[in-house]
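Each remark here refers to the structure printed beneath this line.
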Amino acid sequence: MTSVSLPAVGAAKPPAVRAGRIVLYVVLTVGALLMIVPFVWMLLTAFKSNLEIAKFNWLPQELRWRNFVDAMQTAPFLRYFRNSLFIAVGETAFTLAVCTTAGYALAKLPIRGGKVLLNYFIVLLLVPFQIILVPLFLIVKSIPLFGGNNILGQGGIGWLNSWWGLIIPLGAAPLFTFLARQFYVSLPDQLAQAARVDGLGEFGIFWRIMTPLIKPALITIAVFQIEAAWNGFLWPLMITTSDEMRPLQLGLAIFSQNPAEIQWPYLMAGTALATLPMIVLFVFAQKRFVEGMANVGIKG
Amino acid sequence: MSTTLERPALATAGKTAPSKDSRALVRNQVWAGWALLTPALLHSGIFIVIPVIAVLVLSLTDYSFGDSFDWVGFGNYADLFRDPNFGASLWHTVLYAIVVIPISMAISLAVAIGLNQKIRGLGFFRTAFYIPTVTATVAVATIWLWIYNPGSGLANGFLSLFGFAPNRWLADPGTALPSLMVVGIWQGLGTKIIIYLAALQGVSRDLIESAQLDGAGRWQRFANVTWPAIGPVQFFVLITSIVGTFQVFDLVYVMTQGGPGSSTRVLVMDIYQNAFQNLKLGYASAETVIMMIVIAIFIAAGRLLQKADTND
């Protein structure tokens, strides 16, 4: 910066600036490597044989692609993968439906106490999930008329060990209602007015005029929610009892439970399988995701 | 443009009974508003508000699964303070927060300042620092479990290059918690860097340049212009970090299960075990309430720190 504003002054400054630059690049590059090396180590291990991992070594002797296939047979990673996908898609669809409607109502419709309701969602946004863990489990267990429960929610297991239980309670977080509302607020009211004059109903205005205009926001919310659902662990750990329903993260954790018997190449192959989709999603959605994060940070 | 769009509405409304018509229109909107809000209100009521109230009530009972329960007043709380497991997990959680939060905030701010210069490869650096954040904590934990492997893990392999003796990392009660802290710091940098970077880009260039003209050095510009300007963002990062570090669970569950001994037992781990393994839901709820109070104390302390900082 200084070299640009003061190009002619002395020969002393530019070298110092350049030295600073070099230090900056070196430090940042070392930092970036520290971030990436564990993943490289994971991938390299996934290709090694069980013999090779007995002592520390970087490169595998040969790329054993078979490890990925064998890992699938040791644990049903493919089924875990499918379950995670199902949960992520379900939670995202549910979140988009509930949070865009609520966000729109808070932003654009003249509800008495709208301001209070907005604050209500902002306060809820601060409630950590771990705090409501125990009662949330009890509520999900006592959902009436599900899982053998009677109308009072007694006698059965409710939504435990079900897709409902895995998807609904963690969808529609207040954060997303708040985010959706922020985006609707920025749309001009005249658009809705014009549509009203043309005889479009309120729901039509929401669905056909306003929502298509916040597509970037919908993508942001979807990426956030997919990531949260894909990475979820504690909740599935609590409410699933059968291997049939387990998502990938839970499968990984169970697979790594007994340190003496872990087959590291297989575990790393499974971990790669769990990691890569989110990294690919992030690289594609990077710009939007980063903007979304920054917005949450600044407006929160 | 806005007036041309509005005019027809006024015109049609003006023709017949204006007040009645527009009142119907507004009533329509109010009705639609409540209809659109209801799902979110129901969902948040059932899955957030009721649980928050329930945890307060349950904490005063000896509720266990399916059984009838009795009120025990503050009995659970009294028991908690005599429970060595609770004491250990509270201490480890606080220690984890006190170490991880300042270090990760300082590193993130430094990296963000570096990335805020005009540099090449910004996209690469941003991606590199952010990837651990988008990766599931369980996956991160399994990777580091392998890095910390005492026999052939990366950590010991790397140290041996410099002639250091191998370490037992997670298996040694003395190094287990610090080893977890390293992973926690490593994984949490990305989010903070992005938020700081956005904040730094919002700092007024004019202010920095005029400070520079007044002869302020690099450090003075940072202390007098940049630091105060990013104050609110600092507070936001601090709060989310506090809430985040108190929730640490996945990492511990996969890497150490709270061991060796109870050297890495943390609050959520203890709550989880009391609730779902010992089936003492009332007791676990009381523990949750205490966790809430400690988080509140931390946030209040952060607020005081921030106030003191801005008054300087």
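In the structure tokens, each chain is lettered A, B, ... as it comes, each chain's residues begin at 1, and ligands are numbered from 1 in order of appearance.
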
message: At a cut-off of 6 Å, using only C-alpha atoms, what residues contact region 182-188 of chain B? Leave out same-chain residues fewer than 6 positions from it and give the result as a list of chain:residue names.
response: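 The residues that qualify are B:Val100, B:Ser104, B:Pro132, B:Thr133.
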
Can those selected residues be exported to a file as a PDB file, in the first residue's frame so that it contains C-alpha atoms?
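The resulting result_38.pdb:
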```pdb
ATOM      1  CA  VAL B 100      -9.584 -22.016  23.358  1.00  0.00           C
ATOM      2  CA  SER B 104      -8.637 -18.873  18.479  1.00  0.00           C
ATOM      3  CA  PRO B 132     -12.152 -27.717   8.771  1.00  0.00           C
ATOM      4  CA  THR B 133     -15.201 -25.667   9.743  1.00  0.00           C
TER       5      THR B 133
END
```

Mind dumping a table of every chain B residue within 6 Å of chain A, with the nearest atom pair and its distance in Å to one decimal, using only C-alpha atoms, sorted by chain and rising number, as JSON lines?
```
{"residue": "B:Leu5", "atom": "CA", "partner": "A:Ala194", "partner_atom": "CA", "distance": 5.9}
{"residue": "B:Ala9", "atom": "CA", "partner": "A:Val197", "partner_atom": "CA", "distance": 5.8}
{"residue": "B:Gln29", "atom": "CA", "partner": "A:Leu109", "partner_atom": "CA", "distance": 6.0}
{"residue": "B:Val30", "atom": "CA", "partner": "A:Ile111", "partner_atom": "CA", "distance": 5.4}
{"residue": "B:Gly33", "atom": "CA", "partner": "A:Ala105", "partner_atom": "CA", "distance": 4.8}
{"residue": "B:Leu36", "atom": "CA", "partner": "A:Thr101", "partner_atom": "CA", "distance": 5.0}
{"residue": "B:Leu37", "atom": "CA", "partner": "A:Ala102", "partner_atom": "CA", "distance": 4.4}
{"residue": "B:Ala40", "atom": "CA", "partner": "A:Val98", "partner_atom": "CA", "distance": 5.7}
{"residue": "B:Pro51", "atom": "CA", "partner": "A:Pro135", "partner_atom": "CA", "distance": 5.0}
{"residue": "B:Val52", "atom": "CA", "partner": "A:Ile132", "partner_atom": "CA", "distance": 5.7}
{"residue": "B:Ala128", "atom": "CA", "partner": "A:Ala32", "partner_atom": "CA", "distance": 5.3}
{"residue": "B:Phe129", "atom": "CA", "partner": "A:Met35", "partner_atom": "CA", "distance": 5.9}
{"residue": "B:Thr135", "atom": "CA", "partner": "A:Thr275", "partner_atom": "CA", "distance": 5.9}
{"residue": "B:Ala136", "atom": "CA", "partner": "A:Asn231", "partner_atom": "CA", "distance": 4.5}
{"residue": "B:Val138", "atom": "CA", "partner": "A:Gln249", "partner_atom": "CA", "distance": 6.0}
{"residue": "B:Ala139", "atom": "CA", "partner": "A:Thr271", "partner_atom": "CA", "distance": 5.6}
{"residue": "B:Ser152", "atom": "CA", "partner": "A:Phe56", "partner_atom": "CA", "distance": 4.3}
{"residue": "B:Gly157", "atom": "CA", "partner": "A:Phe56", "partner_atom": "CA", "distance": 5.7}
{"residue": "B:Ile195", "atom": "CA", "partner": "A:Ala294", "partner_atom": "CA", "distance": 4.9}
{"residue": "B:Ala198", "atom": "CA", "partner": "A:Ala294", "partner_atom": "CA", "distance": 5.7}
{"residue": "B:Val254", "atom": "CA", "partner": "A:Ala253", "partner_atom": "CA", "distance": 5.8}
{"residue": "B:Thr288", "atom": "CA", "partner": "A:Ile131", "partner_atom": "CA", "distance": 5.7}
```

Two-atom distance - CA of Leu200 (chain A), CA of Ile221 (chain A) (Å): 27.1 Å

- prompt: Ala222 (chain A): which residues within 10 Å, counting only C-alpha atoms, same-chain residues fewer than 6 positions away excluded, as a list of chain:residue names?
  reply: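 Using only C-alpha atoms, the neighbours found are A:Ala88, A:Val89, A:Glu91, A:Thr92, A:Ala93, A:Thr95, A:Leu96, A:Phe176, A:Pro216, A:Ala228, A:Phe289.
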
query: as a PyMOL selection string, which residues of region 103-231 of chain A does DSSP assign to alpha helix (DSSP H)?
result: chain A and resi 103-108+114-124+129-141+163-167+174-185+189-197+202-204+215-231

Mind dumping the selected residues with C-alpha atoms as a short mmCIF file (atom, residue, chain, number, x, y, z; two decimals), in the first residue's frame?
```cif
data_model
loop_
_atom_site.label_atom_id
_atom_site.label_comp_id
_atom_site.auth_asym_id
_atom_site.auth_seq_id
_atom_site.Cartn_x
_atom_site.Cartn_y
_atom_site.Cartn_z
CA GLY A 103 -39.82 -14.75 7.45
CA TYR A 104 -42.12 -13.27 4.83
CA ALA A 105 -44.93 -12.69 7.32
CA LEU A 106 -42.53 -10.95 9.72
CA ALA A 107 -41.07 -8.80 6.98
CA LYS A 108 -44.03 -7.82 4.86
CA GLY A 114 -44.79 -8.24 14.62
CA LYS A 115 -41.83 -6.53 16.27
CA VAL A 116 -42.28 -8.56 19.44
CA LEU A 117 -42.47 -11.76 17.41
CA LEU A 118 -39.29 -10.87 15.58
CA ASN A 119 -37.54 -10.40 18.93
CA TYR A 120 -38.99 -13.71 20.06
CA PHE A 121 -37.26 -15.50 17.19
CA ILE A 122 -34.01 -13.61 17.81
CA VAL A 123 -34.00 -14.67 21.46
CA LEU A 124 -34.72 -18.29 20.51
CA PHE A 129 -29.38 -27.04 21.52
CA GLN A 130 -27.57 -28.83 24.35
CA ILE A 131 -29.67 -27.02 26.92
CA ILE A 132 -32.97 -28.40 25.68
CA LEU A 133 -31.61 -31.87 24.94
CA VAL A 134 -33.30 -33.78 27.75
CA PRO A 135 -36.85 -32.38 27.48
CA LEU A 136 -36.67 -32.42 23.68
CA PHE A 137 -36.07 -36.15 23.90
CA LEU A 138 -39.12 -36.52 26.18
CA ILE A 139 -41.30 -34.46 23.84
CA VAL A 140 -40.28 -36.43 20.78
CA LYS A 141 -40.93 -39.63 22.71
CA TRP A 163 -37.41 -40.24 10.19
CA TRP A 164 -39.90 -37.77 11.72
CA GLY A 165 -37.83 -37.57 14.87
CA LEU A 166 -34.58 -37.22 12.96
CA ILE A 167 -35.88 -34.50 10.64
CA PRO A 174 -35.12 -19.60 14.28
CA LEU A 175 -31.83 -18.53 12.70
CA PHE A 176 -33.25 -19.34 9.27
CA THR A 177 -36.52 -17.53 9.92
CA PHE A 178 -34.46 -14.51 10.87
CA LEU A 179 -32.23 -14.84 7.80
CA ALA A 180 -35.21 -15.22 5.45
CA ARG A 181 -36.85 -12.18 7.02
CA GLN A 182 -33.71 -10.08 6.46
CA PHE A 183 -33.84 -10.85 2.75
CA TYR A 184 -37.60 -10.23 2.32
CA VAL A 185 -37.28 -6.87 4.09
CA ASP A 189 -43.37 -3.12 -1.00
CA GLN A 190 -44.62 -1.75 -4.32
CA LEU A 191 -44.13 -5.15 -5.93
CA ALA A 192 -46.69 -6.71 -3.62
CA GLN A 193 -49.00 -3.71 -4.06
CA ALA A 194 -48.93 -4.06 -7.83
CA ALA A 195 -49.69 -7.77 -7.63
CA ARG A 196 -52.57 -7.06 -5.25
CA VAL A 197 -54.06 -4.62 -7.74
CA GLU A 202 -51.72 -12.92 -0.45
CA PHE A 203 -50.36 -16.46 -0.73
CA GLY A 204 -49.87 -16.02 -4.46
CA LYS A 215 -33.36 -17.19 -4.61
CA PRO A 216 -29.84 -16.30 -3.38
CA ALA A 217 -31.17 -16.32 0.18
CA LEU A 218 -32.87 -19.67 -0.36
CA ILE A 219 -29.57 -21.11 -1.55
CA THR A 220 -27.75 -19.67 1.47
CA ILE A 221 -30.30 -21.13 3.87
CA ALA A 222 -30.27 -24.47 2.06
CA VAL A 223 -26.46 -24.75 2.17
CA PHE A 224 -26.40 -23.87 5.87
CA GLN A 225 -29.10 -26.40 6.68
CA ILE A 226 -27.64 -29.19 4.54
CA GLU A 227 -24.33 -28.70 6.30
CA ALA A 228 -25.92 -28.69 9.76
CA ALA A 229 -27.98 -31.79 8.99
CA TRP A 230 -25.12 -33.68 7.40
CA ASN A 231 -22.82 -32.95 10.32
#
```

Set the distance at 8 Å and use only C-alpha atoms: which residues neighbour region 79-88 of chain B once local chain neighbours fewer than 6 positions away are removed? I'd like the list as a PDB file with all heavy atoms, in the first residue's frame.
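Saved the output as around12.pdb:
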```
ATOM      1  N   SER B 262     -10.941 -39.220  34.220  1.00  0.00           N
ATOM      2  CA  SER B 262     -11.980 -38.268  33.817  1.00  0.00           C
ATOM      3  C   SER B 262     -11.313 -36.987  33.341  1.00  0.00           C
ATOM      4  O   SER B 262     -11.851 -35.898  33.469  1.00  0.00           O
ATOM      5  CB  SER B 262     -12.938 -37.995  34.972  1.00  0.00           C
ATOM      6  OG  SER B 262     -12.244 -37.367  36.018  1.00  0.00           O
ATOM      7  N   SER B 263     -10.129 -37.138  32.736  1.00  0.00           N
ATOM      8  CA  SER B 263      -9.314 -35.956  32.432  1.00  0.00           C
ATOM      9  C   SER B 263      -9.892 -35.104  31.307  1.00  0.00           C
ATOM     10  O   SER B 263      -9.498 -33.963  31.145  1.00  0.00           O
ATOM     11  CB  SER B 263      -7.882 -36.365  32.082  1.00  0.00           C
ATOM     12  OG  SER B 263      -7.883 -37.223  30.971  1.00  0.00           O
ATOM     13  N   ARG B 265     -13.458 -35.183  30.702  1.00  0.00           N
ATOM     14  CA  ARG B 265     -14.908 -35.147  30.878  1.00  0.00           C
ATOM     15  C   ARG B 265     -15.395 -33.701  30.830  1.00  0.00           C
ATOM     16  O   ARG B 265     -14.877 -32.845  31.538  1.00  0.00           O
ATOM     17  CB  ARG B 265     -15.237 -35.768  32.233  1.00  0.00           C
ATOM     18  CG  ARG B 265     -16.685 -35.861  32.557  1.00  0.00           C
ATOM     19  CD  ARG B 265     -16.837 -36.451  33.947  1.00  0.00           C
ATOM     20  NE  ARG B 265     -16.862 -37.900  33.895  1.00  0.00           N
ATOM     21  CZ  ARG B 265     -17.982 -38.602  33.759  1.00  0.00           C
ATOM     22  NH1 ARG B 265     -19.132 -38.007  33.687  1.00  0.00           N
ATOM     23  NH2 ARG B 265     -17.948 -39.911  33.724  1.00  0.00           N
ATOM     24  N   VAL B 266     -16.359 -33.410  29.961  1.00  0.00           N
ATOM     25  CA  VAL B 266     -16.901 -32.050  29.862  1.00  0.00           C
ATOM     26  C   VAL B 266     -18.392 -32.066  30.195  1.00  0.00           C
ATOM     27  O   VAL B 266     -19.002 -33.135  30.318  1.00  0.00           O
ATOM     28  CB  VAL B 266     -16.695 -31.456  28.451  1.00  0.00           C
ATOM     29  CG1 VAL B 266     -15.240 -31.133  28.198  1.00  0.00           C
ATOM     30  CG2 VAL B 266     -17.244 -32.377  27.404  1.00  0.00           C
ATOM     31  N   LEU B 267     -18.970 -30.873  30.331  1.00  0.00           N
ATOM     32  CA  LEU B 267     -20.340 -30.756  30.830  1.00  0.00           C
ATOM     33  C   LEU B 267     -21.366 -31.544  30.009  1.00  0.00           C
ATOM     34  O   LEU B 267     -22.151 -32.317  30.564  1.00  0.00           O
ATOM     35  CB  LEU B 267     -20.759 -29.289  30.873  1.00  0.00           C
ATOM     36  CG  LEU B 267     -20.448 -28.550  32.172  1.00  0.00           C
ATOM     37  CD1 LEU B 267     -20.893 -27.100  32.058  1.00  0.00           C
ATOM     38  CD2 LEU B 267     -21.143 -29.213  33.350  1.00  0.00           C
ATOM     39  N   ASP B 270     -21.164 -35.161  30.548  1.00  0.00           N
ATOM     40  CA  ASP B 270     -21.696 -35.557  31.846  1.00  0.00           C
ATOM     41  C   ASP B 270     -23.225 -35.536  31.827  1.00  0.00           C
ATOM     42  O   ASP B 270     -23.878 -36.448  32.344  1.00  0.00           O
ATOM     43  CB  ASP B 270     -21.154 -34.595  32.916  1.00  0.00           C
ATOM     44  CG  ASP B 270     -21.127 -35.239  34.300  1.00  0.00           C
ATOM     45  OD1 ASP B 270     -20.614 -36.367  34.396  1.00  0.00           O
ATOM     46  OD2 ASP B 270     -21.638 -34.626  35.249  1.00  0.00           O
ATOM     47  N   TYR B 283     -31.808 -34.933  37.471  1.00  0.00           N
ATOM     48  CA  TYR B 283     -30.443 -34.552  37.833  1.00  0.00           C
ATOM     49  C   TYR B 283     -29.728 -33.898  36.658  1.00  0.00           C
ATOM     50  O   TYR B 283     -29.107 -32.842  36.784  1.00  0.00           O
ATOM     51  CB  TYR B 283     -29.710 -35.815  38.287  1.00  0.00           C
ATOM     52  CG  TYR B 283     -28.391 -35.592  38.972  1.00  0.00           C
ATOM     53  CD1 TYR B 283     -28.342 -35.004  40.233  1.00  0.00           C
ATOM     54  CD2 TYR B 283     -27.200 -35.990  38.377  1.00  0.00           C
ATOM     55  CE1 TYR B 283     -27.132 -34.816  40.883  1.00  0.00           C
ATOM     56  CE2 TYR B 283     -25.987 -35.806  39.016  1.00  0.00           C
ATOM     57  CZ  TYR B 283     -25.957 -35.220  40.259  1.00  0.00           C
ATOM     58  OH  TYR B 283     -24.757 -35.031  40.897  1.00  0.00           O
ATOM     59  N   GLU B 287     -28.202 -30.012  36.031  1.00  0.00           N
ATOM     60  CA  GLU B 287     -26.872 -29.757  35.491  1.00  0.00           C
ATOM     61  C   GLU B 287     -26.955 -28.793  34.301  1.00  0.00           C
ATOM     62  O   GLU B 287     -26.131 -27.885  34.146  1.00  0.00           O
ATOM     63  CB  GLU B 287     -26.298 -31.098  35.036  1.00  0.00           C
ATOM     64  CG  GLU B 287     -24.820 -31.192  35.139  1.00  0.00           C
ATOM     65  CD  GLU B 287     -24.324 -32.599  34.845  1.00  0.00           C
ATOM     66  OE1 GLU B 287     -25.130 -33.559  34.871  1.00  0.00           O
ATOM     67  OE2 GLU B 287     -23.134 -32.729  34.579  1.00  0.00           O
TER      68      GLU B 287
END
```

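One distance worth recording is that between CA of Ser285 (chain B) and CA of Ser59 (chain B), which is 4.7 Å.
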